[in-house]
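Here the structure is laid out as structure tokens; the discussion comes afterwards.
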Amino acid sequence: MPGFRERLRDLPMFPDGLPEGQISDPHAAPPTPHDLFTAWFDDAVAVGAHAPHAMTLSTAGSGAVVDARTVLLTDLDAGGWWFAGHATSPKGRHLAENPQAALTFLWREVGRQVRVAGTVSSHPDVGVEDFRRRSDASRATGLVDHQSEVLDDLAEHREAWAEALQEVRADPRRVPSTWTAWRLSPSSVEFWQTGAGTGQTRLRYRRGTGPTAWTTELLWP
């Protein structure tokens with residue numbers, strides 16, 4: 001049986017038949033990274049990419065220990081990329097100590113990756129509406145809370161979750177006091193793409209001097 005290294009090398013990374021890369025001239029790129037992200041997101045949805053709104057959130061608290069987890073994008077506006085959760089969770093504590101973070105999207109089906117880095121701000125009022133729009137099951141999970149705490153018995157969680165499900169169904173407007181929404185306002189956004197016969201291409205947006213000004217530049221792969 002081949003070793004683990006050999007097994008990894010034999011795994012395909014991207015599907016065959018990817019289109020040629022669309023990034024070539026940074027001066028012809030959309031004026032903001034939000035515009036290009038939306039176009040790429042729509043492309044990923046169109047080809048049936050699995051969970052295209054899933055992203056890796058990387059944070060580091062005051063101790064500079066980096067952590068990462070997968071969360072869901074909840075919105076995108078001119079101010080930045082949005083996600084939500086408990087302010088008391090590990091990511092919430094990290095962001096309270098150090099509001100710098102990074103997001104990574106990988107859309108394998110179209111051979112693309114997007115990296116977003118910047119400053120995160122908390123918006124509990126937006127979090128209230130986010131929580132109320134969630135499914136009963138998601139709201140029950142949020143109501144249980146205790147995220148990342150040690151669990152002695154899985155049955156204890158199942159019982160707490162079932163009770164929380166009854167509570168959110170009885171009171172659909174109930175929201176945990178620690179629930180919030182965060183917005184990452186980007187200082188840089190990088191778009192990476194691979195395509196048939198073109199190799200890898202990287203385009204980076206860097207925030208300029210004005211509030212809506214962006215500088216675009218190609219990067220060596």
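We name chains A, B, ... following the order of the structure tokens; residues begin at 1 in each chain, and ligands are numbered from 1 as shown.
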For A:Thr194: contacts at 6 Å, only C-alpha atoms, fewer than 4 positions along chain excluded, given as a PDB file with N, CA and C atoms, in the first residue's frame:
ATOM      1  N   GLY A 111     -11.886  26.454  -9.914  1.00  0.00           N
ATOM      2  CA  GLY A 111     -10.448  26.684  -9.805  1.00  0.00           C
ATOM      3  C   GLY A 111     -10.095  28.051  -9.256  1.00  0.00           C
ATOM      4  N   GLY A 199      -1.755  28.261 -16.154  1.00  0.00           N
ATOM      5  CA  GLY A 199      -1.083  28.307 -14.863  1.00  0.00           C
ATOM      6  C   GLY A 199      -1.894  29.118 -13.857  1.00  0.00           C
ATOM      7  N   GLN A 200      -1.230  29.575 -12.834  1.00  0.00           N
ATOM      8  CA  GLN A 200      -1.906  30.316 -11.768  1.00  0.00           C
ATOM      9  C   GLN A 200      -1.789  31.822 -11.991  1.00  0.00           C
TER      10      GLN A 200
END
- Nearby residues (only C-alpha atoms) at most 7 Å from stretch 176-192 of chain A, same-chain spacing under 2 positions excluded, as a VMD selection string: chain A and resid 33 79 to 88 112 to 124 126 to 128 143 174 201 to 207
- Note on the structure: Computed gap from atom CA of A:Pro172 to atom CA of A:Arg132 is 7.0 Å
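With atom CA of A:Gly61 on one side and atom CA of A:Ala96 on the other, the separation reads 7.9 Å.
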- Message: Here is a test: counting only C-alpha atoms, which residue of A:Glu129, A:Pro221, A:Ser58, A:Arg7 is nearest to A:Gly92?
- Response: A:Ser58
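Using only C-alpha atoms, the shortest contact distance between A:Asp145 and any of A:Gly48, A:Gly195, A:Pro90, A:Pro31 is found at A:Pro90.
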- What separation in Å, quoted to one decimal, exists between atom CA of A:Thr74 and atom CA of A:His53? 7.9 Å
- Contacts of stretch 133-142 of chain A at 7 Å (only C-alpha atoms; same-chain gap of 6+ positions) as a VMD selection string: chain A and resid 161 164 to 165 168 to 169
Selection above as a file: N, CA, C and O atoms, as a compact mmCIF listing (two decimals), in the first residue's frame:
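result14.txt was written with the following content:
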# COMPACT_ATOMS: atom_id res chain seq x y z
N TRP A 161 -30.13 20.59 23.63
CA TRP A 161 -30.53 21.05 22.31
C TRP A 161 -32.03 20.85 22.08
O TRP A 161 -32.71 21.72 21.52
N ALA A 164 -33.84 23.49 23.92
CA ALA A 164 -33.68 24.78 23.25
C ALA A 164 -34.56 24.85 22.00
O ALA A 164 -35.11 25.91 21.68
N LEU A 165 -34.71 23.74 21.30
CA LEU A 165 -35.56 23.71 20.11
C LEU A 165 -37.00 24.03 20.48
O LEU A 165 -37.69 24.78 19.76
N VAL A 168 -37.19 27.93 21.17
CA VAL A 168 -37.20 28.83 20.02
C VAL A 168 -38.48 28.71 19.22
O VAL A 168 -38.94 29.69 18.60
N ARG A 169 -39.09 27.53 19.22
CA ARG A 169 -40.37 27.38 18.54
C ARG A 169 -41.50 28.06 19.31
O ARG A 169 -42.44 28.59 18.71
- Once DSSP has gone over the backbone, tell me which residues of stretch 13-210 of chain A are in strand (DSSP E or B), as an MDAnalysis selection string. chainID A and resid 54:60 66:72 75:77 80:86 100:107 112:123 179:195 199:207
- Message: as number ranges by chain, please: every residue in stretch 140-190 of chain A that a backbone DSSP assignment puts in helix (DSSP H, G or I).
- Response: A: 140-144, 154-170
Take the residues from that selection and put them in a file with N, CA, C and O atoms, as a short mmCIF file (atom, residue, chain, number, x, y, z; two decimals), in the first residue's frame.
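The resulting selection-v1.cif:
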data_model
loop_
_atom_site.label_atom_id
_atom_site.label_comp_id
_atom_site.auth_asym_id
_atom_site.auth_seq_id
_atom_site.Cartn_x
_atom_site.Cartn_y
_atom_site.Cartn_z
N ALA A 140 -31.69 26.87 17.79
CA ALA A 140 -31.57 26.02 18.98
C ALA A 140 -30.11 25.81 19.34
O ALA A 140 -29.72 25.87 20.51
N THR A 141 -29.27 25.58 18.34
CA THR A 141 -27.84 25.41 18.59
C THR A 141 -27.25 26.67 19.20
O THR A 141 -26.45 26.62 20.14
N GLY A 142 -27.65 27.83 18.67
CA GLY A 142 -27.16 29.08 19.21
C GLY A 142 -27.64 29.35 20.62
O GLY A 142 -26.92 29.94 21.43
N LEU A 143 -28.84 28.91 20.92
CA LEU A 143 -29.40 29.14 22.25
C LEU A 143 -28.69 28.28 23.29
O LEU A 143 -28.51 28.69 24.44
N VAL A 144 -28.28 27.07 22.92
CA VAL A 144 -27.56 26.20 23.86
C VAL A 144 -26.23 26.83 24.25
O VAL A 144 -25.83 26.83 25.42
N LEU A 154 -22.26 13.24 25.60
CA LEU A 154 -22.97 13.73 24.43
C LEU A 154 -24.47 13.82 24.68
O LEU A 154 -25.15 14.69 24.13
N ALA A 155 -24.99 12.92 25.52
CA ALA A 155 -26.42 12.94 25.82
C ALA A 155 -26.82 14.26 26.49
O ALA A 155 -27.95 14.73 26.33
N GLU A 156 -25.92 14.85 27.24
CA GLU A 156 -26.20 16.12 27.89
C GLU A 156 -26.46 17.21 26.86
O GLU A 156 -27.39 18.02 27.01
N HIS A 157 -25.67 17.22 25.79
CA HIS A 157 -25.89 18.20 24.72
C HIS A 157 -27.19 17.92 23.99
O HIS A 157 -27.96 18.85 23.69
N ARG A 158 -27.47 16.67 23.70
CA ARG A 158 -28.70 16.33 22.97
C ARG A 158 -29.92 16.78 23.76
O ARG A 158 -30.89 17.29 23.18
N GLU A 159 -29.90 16.59 25.05
CA GLU A 159 -31.03 16.99 25.88
C GLU A 159 -31.17 18.52 25.89
O GLU A 159 -32.28 19.05 25.76
N ALA A 160 -30.03 19.22 26.03
CA ALA A 160 -30.07 20.68 26.06
C ALA A 160 -30.55 21.23 24.71
O ALA A 160 -31.31 22.21 24.67
N TRP A 161 -30.13 20.59 23.63
CA TRP A 161 -30.53 21.05 22.31
C TRP A 161 -32.03 20.85 22.08
O TRP A 161 -32.71 21.72 21.52
N ALA A 162 -32.55 19.71 22.51
CA ALA A 162 -33.97 19.44 22.35
C ALA A 162 -34.81 20.45 23.14
O ALA A 162 -35.85 20.92 22.66
N GLU A 163 -34.35 20.78 24.33
CA GLU A 163 -35.06 21.78 25.14
C GLU A 163 -35.00 23.16 24.47
O GLU A 163 -36.00 23.90 24.44
N ALA A 164 -33.84 23.49 23.92
CA ALA A 164 -33.68 24.78 23.25
C ALA A 164 -34.56 24.85 22.00
O ALA A 164 -35.11 25.91 21.68
N LEU A 165 -34.71 23.74 21.30
CA LEU A 165 -35.56 23.71 20.11
C LEU A 165 -37.00 24.03 20.48
O LEU A 165 -37.69 24.78 19.76
N GLN A 166 -37.47 23.48 21.58
CA GLN A 166 -38.81 23.79 22.04
C GLN A 166 -38.95 25.27 22.39
O GLN A 166 -39.97 25.91 22.09
N GLU A 167 -37.90 25.83 22.99
CA GLU A 167 -37.93 27.24 23.39
C GLU A 167 -38.00 28.17 22.19
O GLU A 167 -38.78 29.13 22.19
N VAL A 168 -37.19 27.93 21.17
CA VAL A 168 -37.20 28.83 20.02
C VAL A 168 -38.48 28.71 19.22
O VAL A 168 -38.94 29.69 18.60
N ARG A 169 -39.09 27.53 19.22
CA ARG A 169 -40.37 27.38 18.54
C ARG A 169 -41.50 28.06 19.31
O ARG A 169 -42.44 28.59 18.71
N ALA A 170 -41.37 28.07 20.63
CA ALA A 170 -42.38 28.75 21.45
C ALA A 170 -42.22 30.26 21.40
O ALA A 170 -43.20 31.01 21.52
#
